[in-house]
file start15.pdb (PDB, C-alpha atoms)
MODEL        1
ATOM      1  CA  MET A   1       0.000   0.000   0.000
ATOM      2  CA  ASP A   2       2.809   2.454   0.898
ATOM      3  CA  GLU A   3       4.415   1.874  -2.492
ATOM      4  CA  LEU A   4       1.136   2.603  -4.264
ATOM      5  CA  ILE A   5       0.598   5.719  -2.153
ATOM      6  CA  ASP A   6       4.006   7.104  -3.163
ATOM      7  CA  LYS A   7       3.381   6.263  -6.828
ATOM      8  CA  LEU A   8      -0.022   7.898  -6.638
ATOM      9  CA  LYS A   9       1.404  11.065  -5.104
ATOM     10  CA  LYS A  10       3.849  11.397  -8.017
ATOM     11  CA  GLU A  11       1.096  10.781 -10.554
ATOM     12  CA  VAL A  12      -1.227  13.342  -8.959
ATOM     13  CA  ILE A  13       1.540  15.967  -8.880
ATOM     14  CA  ALA A  14       2.283  15.356 -12.570
ATOM     15  CA  GLN A  15      -1.325  15.115 -13.744
ATOM     16  CA  LEU A  16      -2.467  18.238 -11.886
ATOM     17  CA  ASN A  17       0.701  20.287 -12.536
ATOM     18  CA  LEU A  18       1.276  20.871  -8.833
ATOM     19  CA  GLU A  19       4.561  22.590  -9.580
ATOM     20  CA  ASP A  20       5.504  23.726  -6.088
ATOM     21  CA  ILE A  21       4.370  20.569  -4.270
ATOM     22  CA  SER A  22       6.674  17.639  -3.514
ATOM     23  CA  VAL A  23       5.790  14.067  -2.570
ATOM     24  CA  ASP A  24       6.714  14.807   1.046
ATOM     25  CA  ASP A  25       4.286  17.750   1.150
ATOM     26  CA  ILE A  26       1.294  15.467   0.640
ATOM     27  CA  ASN A  27      -0.173  13.838   3.730
ATOM     28  CA  PRO A  28      -1.851  10.653   2.433
ATOM     29  CA  ASP A  29      -4.704  11.074   4.918
ATOM     30  CA  ALA A  30      -5.357  14.789   4.381
ATOM     31  CA  PRO A  31      -8.401  15.863   2.324
ATOM     32  CA  LEU A  32      -7.491  16.556  -1.321
ATOM     33  CA  PHE A  33     -10.245  19.121  -1.790
ATOM     34  CA  GLY A  34     -11.308  22.195   0.117
ATOM     35  CA  GLU A  35      -8.047  22.499   2.012
ATOM     36  CA  GLY A  36      -4.608  20.938   1.803
ATOM     37  CA  LEU A  37      -3.769  20.902  -1.905
ATOM     38  CA  GLY A  38      -6.598  23.281  -2.738
ATOM     39  CA  LEU A  39      -7.824  21.291  -5.721
ATOM     40  CA  ASP A  40     -10.814  22.439  -7.786
ATOM     41  CA  SER A  41     -13.541  20.827  -9.888
ATOM     42  CA  ILE A  42     -11.345  20.548 -12.993
ATOM     43  CA  ASP A  43      -8.745  18.732 -10.884
ATOM     44  CA  ALA A  44     -11.477  16.281  -9.846
ATOM     45  CA  LEU A  45     -12.125  15.509 -13.506
ATOM     46  CA  GLU A  46      -8.407  15.046 -14.088
ATOM     47  CA  LEU A  47      -8.252  12.530 -11.230
ATOM     48  CA  ILE A  48     -11.067  10.552 -12.879
ATOM     49  CA  VAL A  49      -9.020  10.507 -16.104
ATOM     50  CA  LEU A  50      -5.923   9.440 -14.138
ATOM     51  CA  LEU A  51      -7.710   6.422 -12.651
ATOM     52  CA  GLU A  52      -8.958   5.342 -16.050
ATOM     53  CA  LYS A  53      -5.705   5.950 -17.945
ATOM     54  CA  ASN A  54      -3.241   4.513 -15.425
ATOM     55  CA  TYR A  55      -5.308   1.854 -13.681
ATOM     56  CA  GLY A  56      -8.127   0.987 -16.064
ATOM     57  CA  ILE A  57     -10.737   2.028 -13.510
ATOM     58  CA  LYS A  58     -13.882   3.715 -14.742
ATOM     59  CA  ILE A  59     -16.020   5.408 -12.132
ATOM     60  CA  GLU A  60     -19.574   4.698 -13.168
ATOM     61  CA  ASP A  61     -21.390   6.623 -10.448
ATOM     62  CA  PRO A  62     -20.132  10.220  -9.989
ATOM     63  CA  LYS A  63     -21.477  10.166  -6.420
ATOM     64  CA  ASP A  64     -18.719   7.668  -5.519
ATOM     65  CA  GLY A  65     -16.108  10.310  -6.375
ATOM     66  CA  LYS A  66     -16.453  12.105  -3.068
ATOM     67  CA  LYS A  67     -15.398   9.000  -1.119
ATOM     68  CA  ILE A  68     -12.798   7.763  -3.595
ATOM     69  CA  PHE A  69     -11.032  11.118  -3.928
ATOM     70  CA  TYR A  70     -11.205  12.113  -0.283
ATOM     71  CA  SER A  71      -7.469  11.535   0.160
ATOM     72  CA  ILE A  72      -4.511   9.814  -1.467
ATOM     73  CA  ARG A  73      -5.088   6.837   0.846
ATOM     74  CA  THR A  74      -8.746   6.419  -0.115
ATOM     75  CA  MET A  75      -7.702   6.574  -3.765
ATOM     76  CA  ALA A  76      -5.054   3.907  -3.171
ATOM     77  CA  GLU A  77      -7.560   1.665  -1.377
ATOM     78  CA  TYR A  78     -10.029   2.016  -4.236
ATOM     79  CA  ILE A  79      -7.350   1.239  -6.800
ATOM     80  CA  THR A  80      -6.246  -1.858  -4.874
ATOM     81  CA  ALA A  81      -9.822  -3.122  -4.855
ATOM     82  CA  HIS A  82     -10.692  -2.298  -8.484
ATOM     83  CA  GLN A  83      -7.485  -2.187 -10.549
ATOM     84  CA  THR A  84      -7.610  -3.784 -14.011
ATOM     85  CA  LYS A  85      -4.226  -2.604 -15.343
ATOM     86  CA  GLY A  86      -0.987  -0.834 -14.367
TER      87      GLY A  86
ATOM     88  CA  MET B   1     -11.604  64.109 -21.641
ATOM     89  CA  ASN B   2      -8.187  63.063 -22.934
ATOM     90  CA  LYS B   3      -6.923  59.593 -22.285
ATOM     91  CA  LEU B   4      -3.335  58.565 -21.696
ATOM     92  CA  ILE B   5      -1.400  55.311 -21.862
ATOM     93  CA  SER B   6       0.094  55.347 -18.393
ATOM     94  CA  SER B   7       2.083  52.123 -18.366
ATOM     95  CA  PHE B   8       2.819  49.172 -20.606
ATOM     96  CA  VAL B   9       4.525  45.818 -20.880
ATOM     97  CA  TYR B  10       6.143  44.181 -23.886
ATOM     98  CA  ILE B  11       7.175  40.521 -24.075
ATOM     99  CA  GLY B  12       8.878  39.230 -27.207
ATOM    100  CA  GLU B  13      12.140  38.031 -28.747
ATOM    101  CA  GLY B  14      13.310  36.818 -25.346
ATOM    102  CA  LYS B  15      12.955  40.272 -23.817
ATOM    103  CA  VAL B  16      10.541  41.761 -21.330
ATOM    104  CA  PHE B  17      10.102  45.514 -21.085
ATOM    105  CA  VAL B  18       8.081  47.355 -18.458
ATOM    106  CA  ASN B  19       7.583  51.029 -19.261
ATOM    107  CA  LYS B  20      10.460  50.863 -21.766
ATOM    108  CA  ARG B  21      12.834  49.404 -19.173
ATOM    109  CA  LEU B  22      14.299  45.977 -19.929
ATOM    110  CA  ILE B  23      13.612  43.808 -16.873
ATOM    111  CA  PHE B  24      14.235  40.308 -18.218
ATOM    112  CA  TYR B  25      16.236  38.809 -21.068
ATOM    113  CA  GLN B  26      16.810  35.249 -22.149
ATOM    114  CA  GLU B  27      19.218  35.075 -25.057
ATOM    115  CA  LYS B  28      18.392  31.533 -26.058
ATOM    116  CA  ILE B  29      14.816  30.437 -25.508
ATOM    117  CA  VAL B  30      14.581  26.651 -25.285
ATOM    118  CA  THR B  31      10.822  26.514 -24.884
ATOM    119  CA  PHE B  32       8.109  29.029 -24.086
ATOM    120  CA  ALA B  33       7.302  27.044 -20.930
ATOM    121  CA  GLU B  34      10.853  27.498 -19.620
ATOM    122  CA  PHE B  35      10.974  31.158 -20.624
ATOM    123  CA  ILE B  36       7.732  32.075 -18.884
ATOM    124  CA  LYS B  37       8.556  30.014 -15.799
ATOM    125  CA  ALA B  38      11.910  31.804 -15.480
ATOM    126  CA  LEU B  39      10.086  35.146 -15.681
ATOM    127  CA  TYR B  40       7.543  33.973 -13.096
ATOM    128  CA  ARG B  41      10.357  32.950 -10.741
ATOM    129  CA  GLN B  42      12.311  36.176 -11.241
ATOM    130  CA  GLU B  43       9.244  38.249 -10.406
ATOM    131  CA  GLN B  44       8.603  36.089  -7.330
ATOM    132  CA  VAL B  45       4.968  35.585  -8.175
ATOM    133  CA  SER B  46       3.214  33.114  -5.899
ATOM    134  CA  TYR B  47       0.103  31.777  -7.588
ATOM    135  CA  PRO B  48      -0.081  27.950  -7.879
ATOM    136  CA  LYS B  49      -2.853  28.154 -10.480
ATOM    137  CA  PHE B  50      -0.318  29.683 -12.887
ATOM    138  CA  HIS B  51       1.272  26.277 -13.434
ATOM    139  CA  LYS B  52      -2.045  24.817 -14.558
ATOM    140  CA  MET B  53      -2.702  27.448 -17.209
ATOM    141  CA  ASP B  54      -2.167  26.987 -20.919
ATOM    142  CA  SER B  55       0.527  28.991 -22.715
ATOM    143  CA  LEU B  56      -1.773  31.814 -23.844
ATOM    144  CA  SER B  57      -3.031  32.357 -20.311
ATOM    145  CA  LYS B  58       0.479  32.196 -18.843
ATOM    146  CA  LEU B  59       1.639  34.851 -21.300
ATOM    147  CA  GLY B  60      -1.321  37.146 -20.618
ATOM    148  CA  PHE B  61      -1.166  36.506 -16.883
ATOM    149  CA  MET B  62       2.508  37.503 -16.629
ATOM    150  CA  ALA B  63       2.008  40.577 -18.823
ATOM    151  CA  ALA B  64      -0.878  41.689 -16.586
ATOM    152  CA  GLU B  65       1.101  40.899 -13.459
ATOM    153  CA  LEU B  66       3.961  43.162 -14.549
ATOM    154  CA  LEU B  67       1.642  45.860 -15.868
ATOM    155  CA  LEU B  68      -0.407  46.102 -12.695
ATOM    156  CA  LYS B  69       2.664  46.052 -10.488
ATOM    157  CA  SER B  70       3.970  49.059 -12.405
ATOM    158  CA  SER B  71       0.734  51.051 -12.431
ATOM    159  CA  ASN B  72      -1.646  52.784 -10.080
ATOM    160  CA  ARG B  73      -4.640  50.517 -10.516
ATOM    161  CA  GLY B  74      -5.408  50.571  -6.789
ATOM    162  CA  ARG B  75      -7.519  53.683  -7.358
ATOM    163  CA  TYR B  76     -10.125  51.757  -9.394
ATOM    164  CA  GLN B  77     -13.125  49.745  -8.236
ATOM    165  CA  ALA B  78     -13.355  46.135  -9.406
ATOM    166  CA  ASP B  79     -16.073  46.954 -11.949
ATOM    167  CA  SER B  80     -14.536  50.134 -13.314
ATOM    168  CA  LEU B  81     -11.523  48.529 -14.987
ATOM    169  CA  ALA B  82     -12.117  46.960 -18.418
ATOM    170  CA  ILE B  83      -9.946  44.570 -20.410
ATOM    171  CA  VAL B  84      -9.734  44.391 -24.215
ATOM    172  CA  LEU B  85      -7.233  41.921 -25.647
ATOM    173  CA  ALA B  86      -6.612  40.618 -29.146
ATOM    174  CA  ASN B  87      -4.517  38.143 -31.102
ATOM    175  CA  SER B  88      -4.414  36.300 -34.411
ATOM    176  CA  SER B  89      -4.235  32.626 -33.400
ATOM    177  CA  SER B  90      -7.059  32.670 -30.872
ATOM    178  CA  SER B  91      -6.555  29.531 -28.721
ATOM    179  CA  LEU B  92      -5.172  27.431 -31.604
ATOM    180  CA  ASP B  93      -1.993  26.571 -29.673
ATOM    181  CA  THR B  94      -4.067  24.780 -27.028
ATOM    182  CA  ASP B  95      -6.703  23.557 -29.498
ATOM    183  CA  MET B  96      -4.009  21.504 -31.236
ATOM    184  CA  ILE B  97      -2.799  19.996 -27.953
ATOM    185  CA  TYR B  98      -6.362  19.006 -27.138
ATOM    186  CA  GLN B  99      -6.980  17.667 -30.634
ATOM    187  CA  GLU B 100      -3.893  15.476 -30.302
ATOM    188  CA  SER B 101      -5.272  13.984 -27.079
ATOM    189  CA  ILE B 102      -8.458  12.831 -28.830
ATOM    190  CA  ARG B 103      -6.951  11.844 -32.204
ATOM    191  CA  ASP B 104      -6.483   8.154 -31.436
ATOM    192  CA  ARG B 105      -9.724   6.391 -30.511
ATOM    193  CA  LEU B 106      -7.729   3.582 -28.882
ATOM    194  CA  VAL B 107      -5.842   5.930 -26.549
ATOM    195  CA  TYR B 108      -8.664   8.342 -25.947
ATOM    196  CA  PHE B 109      -8.121  10.378 -22.794
ATOM    197  CA  PRO B 110      -9.315  13.945 -23.383
ATOM    198  CA  SER B 111      -7.940  16.188 -20.658
ATOM    199  CA  PRO B 112     -10.528  18.402 -18.922
ATOM    200  CA  SER B 113      -7.820  20.821 -17.789
ATOM    201  CA  VAL B 114      -6.633  21.306 -21.392
ATOM    202  CA  PHE B 115     -10.177  21.544 -22.735
ATOM    203  CA  VAL B 116     -11.082  24.466 -20.462
ATOM    204  CA  TYR B 117      -8.443  26.577 -22.206
ATOM    205  CA  THR B 118      -9.730  26.004 -25.739
ATOM    206  CA  LEU B 119     -11.213  29.505 -25.814
ATOM    207  CA  ALA B 120      -9.020  32.577 -26.189
ATOM    208  CA  ASN B 121     -10.973  34.732 -23.746
ATOM    209  CA  ILE B 122     -10.068  32.428 -20.851
ATOM    210  CA  VAL B 123      -6.864  34.448 -20.496
ATOM    211  CA  ILE B 124      -9.001  37.449 -19.550
ATOM    212  CA  GLY B 125     -10.848  35.294 -17.025
ATOM    213  CA  GLU B 126      -7.565  34.260 -15.408
ATOM    214  CA  ILE B 127      -6.470  37.893 -15.106
ATOM    215  CA  CYS B 128      -9.847  38.910 -13.662
ATOM    216  CA  ILE B 129      -9.810  36.086 -11.095
ATOM    217  CA  ARG B 130      -6.282  36.962 -10.026
ATOM    218  CA  HIS B 131      -7.009  40.698  -9.580
ATOM    219  CA  GLY B 132     -10.708  40.620  -8.727
ATOM    220  CA  PHE B 133     -11.806  42.583 -11.806
ATOM    221  CA  LYS B 134     -15.489  42.556 -12.720
ATOM    222  CA  GLY B 135     -15.566  45.130 -15.510
ATOM    223  CA  GLU B 136     -16.289  44.941 -19.237
ATOM    224  CA  ASN B 137     -14.086  42.663 -21.301
ATOM    225  CA  ALA B 138     -13.622  41.509 -24.858
ATOM    226  CA  PHE B 139     -11.206  39.300 -26.750
ATOM    227  CA  LEU B 140     -10.798  40.139 -30.432
ATOM    228  CA  VAL B 141      -9.306  37.899 -33.103
ATOM    229  CA  SER B 142      -7.924  39.378 -36.304
ATOM    230  CA  GLU B 143      -5.561  38.062 -38.947
ATOM    231  CA  LYS B 144      -2.898  40.640 -38.140
ATOM    232  CA  PHE B 145      -2.286  43.125 -35.344
ATOM    233  CA  ASP B 146      -4.842  45.874 -35.896
ATOM    234  CA  SER B 147      -4.229  48.968 -33.781
ATOM    235  CA  GLY B 148      -7.327  50.658 -35.246
ATOM    236  CA  GLN B 149      -9.565  47.832 -34.082
ATOM    237  CA  LEU B 150      -8.093  47.939 -30.581
ATOM    238  CA  MET B 151      -8.361  51.728 -30.508
ATOM    239  CA  ASP B 152     -12.044  51.579 -31.529
ATOM    240  CA  HIS B 153     -13.012  48.996 -28.920
ATOM    241  CA  VAL B 154     -11.163  50.665 -26.078
ATOM    242  CA  SER B 155     -12.603  54.065 -27.030
ATOM    243  CA  GLU B 156     -16.098  52.605 -27.058
ATOM    244  CA  VAL B 157     -15.647  51.228 -23.549
ATOM    245  CA  PHE B 158     -14.842  54.746 -22.356
ATOM    246  CA  ASP B 159     -17.467  56.468 -24.508
ATOM    247  CA  MET B 160     -20.196  54.203 -23.178
ATOM    248  CA  HIS B 161     -19.050  55.012 -19.626
ATOM    249  CA  ARG B 162     -18.376  51.337 -19.000
ATOM    250  CA  ALA B 163     -14.979  51.915 -17.389
ATOM    251  CA  GLU B 164     -12.688  54.484 -15.851
ATOM    252  CA  ALA B 165      -9.590  52.657 -17.046
ATOM    253  CA  CYS B 166      -8.856  49.895 -19.512
ATOM    254  CA  ILE B 167      -6.157  47.280 -19.916
ATOM    255  CA  PHE B 168      -5.687  46.531 -23.590
ATOM    256  CA  GLY B 169      -3.205  44.689 -25.715
ATOM    257  CA  TRP B 170      -2.063  41.849 -27.924
ATOM    258  CA  VAL B 171      -1.378  38.372 -26.526
ATOM    259  CA  GLU B 172      -0.307  35.956 -29.218
ATOM    260  CA  ILE B 173       1.251  32.507 -29.096
ATOM    261  CA  LEU B 174       1.478  29.648 -31.545
ATOM    262  CA  GLY B 175       4.114  27.005 -30.945
ATOM    263  CA  SER B 176       7.458  28.656 -30.277
ATOM    264  CA  GLN B 177       6.376  32.071 -31.558
ATOM    265  CA  PHE B 178       4.957  34.436 -28.972
ATOM    266  CA  LYS B 179       4.509  38.126 -28.349
ATOM    267  CA  ALA B 180       2.581  40.189 -25.853
ATOM    268  CA  MET B 181       1.958  43.884 -25.474
ATOM    269  CA  MET B 182      -0.294  45.101 -22.705
ATOM    270  CA  ALA B 183      -1.001  48.655 -21.637
ATOM    271  CA  LEU B 184      -3.167  50.620 -19.245
ATOM    272  CA  VAL B 185      -5.144  53.580 -20.555
ATOM    273  CA  GLU B 186      -6.670  56.066 -18.142
ATOM    274  CA  TYR B 187      -8.238  59.499 -18.132
ATOM    275  CA  GLU B 188      -5.655  62.266 -18.104
ATOM    276  CA  ASN B 189      -6.689  63.620 -14.706
ATOM    277  CA  ALA B 190      -6.124  60.220 -13.076
ATOM    278  CA  VAL B 191      -2.593  59.757 -14.362
ATOM    279  CA  LEU B 192       0.508  60.780 -12.513
ATOM    280  CA  ALA B 193       2.932  62.950 -14.488
ATOM    281  CA  GLU B 194       5.479  60.170 -14.417
ATOM    282  CA  ASN B 195       5.068  56.536 -13.573
ATOM    283  CA  HIS B 196       8.251  54.717 -12.593
ATOM    284  CA  GLY B 197      10.263  56.849 -14.997
ATOM    285  CA  PHE B 198       7.781  56.487 -17.855
ATOM    286  CA  ARG B 199       6.104  59.610 -19.190
ATOM    287  CA  PRO B 200       2.489  58.776 -20.159
ATOM    288  CA  VAL B 201       1.616  59.210 -23.838
ATOM    289  CA  PRO B 202      -1.694  60.250 -25.423
ATOM    290  CA  PHE B 203      -3.895  57.290 -26.344
ATOM    291  CA  SER B 204      -3.722  57.089 -30.132
ATOM    292  CA  GLN B 205      -3.347  54.571 -32.912
ATOM    293  CA  ALA B 206       0.232  55.700 -33.509
ATOM    294  CA  ALA B 207       1.066  55.224 -29.828
ATOM    295  CA  ILE B 208      -0.398  51.707 -29.855
ATOM    296  CA  ASN B 209       1.710  50.853 -32.915
ATOM    297  CA  ASP B 210       4.808  52.195 -31.161
ATOM    298  CA  LEU B 211       4.174  49.920 -28.163
ATOM    299  CA  MET B 212       4.237  46.906 -30.459
ATOM    300  CA  ASN B 213       7.720  47.813 -31.660
ATOM    301  CA  VAL B 214       9.506  48.548 -28.425
ATOM    302  CA  ASN B 215      12.180  45.926 -28.970
TER     303      ASN B 215
ENDMDL
END
call {"tool": "encode", "arguments": {"input": "start15.pdb", "output": "structure tokens"}}
result
Amino acid sequence: MDELIDKLKKEVIAQLNLEDISVDDINPDAPLFGEGLGLDSIDALELIVLLEKNYGIKIEDPKDGKKIFYSIRTMAEYITAHQTKG
Amino acid sequence: MNKLISSFVYIGEGKVFVNKRLIFYQEKIVTFAEFIKALYRQEQVSYPKFHKMDSLSKLGFMAAELLLKSSNRGRYQADSLAIVLANSSSSLDTDMIYQESIRDRLVYFPSPSVFVYTLANIVIGEICIRHGFKGENAFLVSEKFDSGQLMDHVSEVFDMHRAEACIFGWVEILGSQFKAMMALVEYENAVLAENHGFRPVPFSQAAINDLMNVN
């Protein structure tokens, strides 16, 4: 899980162009939206693309997004349970 | 009432001028992204959203950043400052990046964050968000730089009493070719006699053409 969390941090930084953020700056349990990284709605869409492109996971119900993208850890847990590639 | 160009910025050919003073120079530009990031770092701007913008918005954002730092915009209310920008390639630079991402149906991952920049007037939105402007705005697209067109639109904004001051200019990028000129025009009675060593000039078509050839 820790390995996936680190990989995910790097992918999120690259996908969302978080230029001034390093892997160490991201607390895996901190909320991704509203505070912390200060992500917006377009970032949320980019995270959906990231899951599909890198892990073959398609989120069918948009309502699930709130739980899945709560933090890096919740993303990693979802990937572990649903991954089809990567 | 007479109007004056009270400050301006020029970005092109690796040089950045603010009120005729050279403030940044990169002899060999590797990429636009590196050039504009170096300028951003030199000016010590802190705005994480900058890194998410497309090239057109980054160019316009930095021009506005330098222009507003060198001017007296603090005197204006959020809705009394207008913006009129123009270029010739619209958002084509970003349109092509987006098109590339949807070209192959087998590797089809359209990027939402690229898509949102496939309109040229988004650069004005980014400037307005950054500085809290809520005034009139327009983005014009013409084949070549047209000082008369800019002059007409800016004059109309003033004539219709839609603004007390107006940022106007040219923000153009396509691939490795880019150029920006941005200026602030104000009523004569609002302008200081000299602004950071720059003597304001009457707002005219000839003056606009001069600003495009500072380098």
call {"tool": "closest_atom_pairs", "arguments": {"input": "start15.pdb", "of": "chain A", "to": "chain B", "cutoff": "8 Å", "atoms": "only C-alpha atoms", "output": "CSV"}}
result
residue,atom,partner,partner_atom,distance
A:Leu16,CA,B:Lys52,CA,7.1
A:Asn17,CA,B:Lys52,CA,5.7
A:Leu18,CA,B:His51,CA,7.1
A:Glu19,CA,B:His51,CA,6.3
A:Asp20,CA,B:Pro48,CA,7.2
A:Ile42,CA,B:Ser113,CA,6.0
A:Asp43,CA,B:Ser113,CA,7.3
A:Leu45,CA,B:Pro112,CA,6.3
A:Glu46,CA,B:Pro112,CA,6.3
A:Val49,CA,B:Phe109,CA,6.8
A:Lys53,CA,B:Phe109,CA,7.0
call {"tool": "resolve_selection", "arguments": {"input": "start15.pdb", "expression": "the PyMOL selection byres ((chain B and resi 87) around 12)", "output": "number ranges by chain"}}
result
B: 56, 60, 84-86, 88-93, 120-121, 123, 138-147, 149-150, 168-174, 178-182
call {"tool": "closest_residue", "arguments": {"input": "start15.pdb", "among": "B:Asn19, B:Gln99, B:Gln177, B:Gln77", "to": "Leu59 (chain B)", "atoms": "only C-alpha atoms"}}
result
B:Gln177
call {"tool": "resolve_selection", "arguments": {"input": "start15.pdb", "expression": "the PyMOL selection byres ((chain A and resi 25) around 12)", "output": "list in words"}}
result
Asp6, Lys9, Lys10, Ile13, Leu18, Glu19, Asp20, Ile21, Ser22, Val23, Asp24, Ile26, Asn27, Pro28, Asp29, Ala30, Gly36 and Leu37 of chain A
call {"tool": "resolve_selection", "arguments": {"input": "start15.pdb", "expression": "the PyMOL selection byres ((chain A and resi 4) around 12)", "output": "number ranges by chain"}}
result
A: 1-3, 5-12, 28, 55, 72-80, 83, 86
call {"tool": "atom_distance", "arguments": {"input": "start15.pdb", "atom1": "CA of Ala165 (chain B)", "atom2": "CA of Lys69 (chain B)"}}
result
15.4 Å
call {"tool": "residues_around", "arguments": {"input": "start15.pdb", "residues": "Ala44 (chain A)", "least_positions_apart": "6", "cutoff": "9 Å", "atoms": "only C-alpha atoms", "output": "list in words"}}
result
Phe33, Gly65 and Phe69 of chain A
call {"tool": "atom_distance", "arguments": {"input": "start15.pdb", "atom1": "CA of Ile122 (chain B)", "atom2": "CA of Leu81 (chain B)"}}
result
17.2 Å
call {"tool": "atom_distance", "arguments": {"input": "start15.pdb", "atom1": "CA of Cys128 (chain B)", "atom2": "CA of Ile29 (chain B)"}}
result
28.6 Å
call {"tool": "closest_residue", "arguments": {"input": "start15.pdb", "among": "B:Tyr76, B:Tyr117, B:Tyr40, B:Phe198", "to": "Glu164 (chain B)", "atoms": "only C-alpha atoms"}}
result
B:Tyr76
call {"tool": "residues_around", "arguments": {"input": "start15.pdb", "residues": "Gln205 (chain B)", "least_positions_apart": "2", "cutoff": "12 Å", "atoms": "all atoms listed in the file", "output": "list of chain:residue names"}}
result
B:Leu4, B:Ile5, B:Phe145, B:Asp146, B:Ser147, B:Gly148, B:Gln149, B:Leu150, B:Met151, B:Asp152, B:His153, B:Val154, B:Ser155, B:Val201, B:Pro202, B:Phe203, B:Ala207, B:Ile208, B:Asn209, B:Asp210, B:Leu211, B:Met212
call {"tool": "residues_around", "arguments": {"input": "start15.pdb", "residues": "Arg75 (chain B)", "least_positions_apart": "3", "cutoff": "12 Å", "atoms": "only C-alpha atoms", "output": "PyMOL selection string"}}
result
chain B and resi 68+71-72+78-81+164-165+186+190-192
call {"tool": "residues_near_point", "arguments": {"input": "start15.pdb", "point": "(-16.5, 9.5, -11.9)", "cutoff": "10 Å", "atoms": "all atoms listed in the file", "output": "list in words"}}
result
Ala44, Leu45, Leu47, Ile48, Val49, Leu51, Glu52, Ile57, Lys58, Ile59, Glu60, Asp61, Pro62, Lys63, Asp64, Gly65, Lys66, Ile68 and Phe69 of chain A
call {"tool": "closest_residue", "arguments": {"input": "start15.pdb", "among": "A:Leu50, A:Asp40, A:Glu35, A:Thr84", "to": "Ala14 (chain A)", "atoms": "all atoms listed in the file"}}
result
A:Leu50
call {"tool": "decode", "arguments": {"input": "start15.pdb", "residues": "region 39-51 of chain A", "atoms": "N, CA and C atoms", "output": "mmCIF file, in the first residue's frame"}}
result
data_model
loop_
_atom_site.group_PDB
_atom_site.id
_atom_site.type_symbol
_atom_site.label_atom_id
_atom_site.label_comp_id
_atom_site.auth_asym_id
_atom_site.auth_seq_id
_atom_site.Cartn_x
_atom_site.Cartn_y
_atom_site.Cartn_z
ATOM 1 N N LEU A 39 -7.419 21.702 -4.376
ATOM 2 C CA LEU A 39 -7.824 21.291 -5.721
ATOM 3 C C LEU A 39 -9.218 21.826 -6.055
ATOM 4 N N ASP A 40 -9.502 21.936 -7.361
ATOM 5 C CA ASP A 40 -10.814 22.439 -7.786
ATOM 6 C C ASP A 40 -11.551 21.384 -8.615
ATOM 7 N N SER A 41 -12.692 21.792 -9.188
ATOM 8 C CA SER A 41 -13.541 20.827 -9.888
ATOM 9 C C SER A 41 -12.875 20.251 -11.143
ATOM 10 N N ILE A 42 -12.051 21.056 -11.808
ATOM 11 C CA ILE A 42 -11.345 20.548 -12.993
ATOM 12 C C ILE A 42 -10.316 19.497 -12.563
ATOM 13 N N ASP A 43 -9.688 19.724 -11.417
ATOM 14 C CA ASP A 43 -8.745 18.732 -10.884
ATOM 15 C C ASP A 43 -9.459 17.406 -10.615
ATOM 16 N N ALA A 44 -10.706 17.500 -10.120
ATOM 17 C CA ALA A 44 -11.477 16.281 -9.846
ATOM 18 C C ALA A 44 -11.666 15.481 -11.125
ATOM 19 N N LEU A 45 -11.959 16.196 -12.217
ATOM 20 C CA LEU A 45 -12.125 15.509 -13.506
ATOM 21 C C LEU A 45 -10.812 14.885 -13.963
ATOM 22 N N GLU A 46 -9.716 15.583 -13.713
ATOM 23 C CA GLU A 46 -8.407 15.046 -14.088
ATOM 24 C C GLU A 46 -8.082 13.774 -13.296
ATOM 25 N N LEU A 47 -8.509 13.731 -12.041
ATOM 26 C CA LEU A 47 -8.252 12.530 -11.230
ATOM 27 C C LEU A 47 -9.054 11.344 -11.769
ATOM 28 N N ILE A 48 -10.255 11.619 -12.274
ATOM 29 C CA ILE A 48 -11.067 10.552 -12.879
ATOM 30 C C ILE A 48 -10.340 9.998 -14.112
ATOM 31 N N VAL A 49 -9.778 10.923 -14.918
ATOM 32 C CA VAL A 49 -9.020 10.507 -16.104
ATOM 33 C C VAL A 49 -7.796 9.691 -15.681
ATOM 34 N N LEU A 50 -7.129 10.136 -14.628
ATOM 35 C CA LEU A 50 -5.923 9.440 -14.138
ATOM 36 C C LEU A 50 -6.244 7.980 -13.773
ATOM 37 N N LEU A 51 -7.344 7.786 -13.053
ATOM 38 C CA LEU A 51 -7.710 6.422 -12.651
ATOM 39 C C LEU A 51 -7.975 5.540 -13.863
#
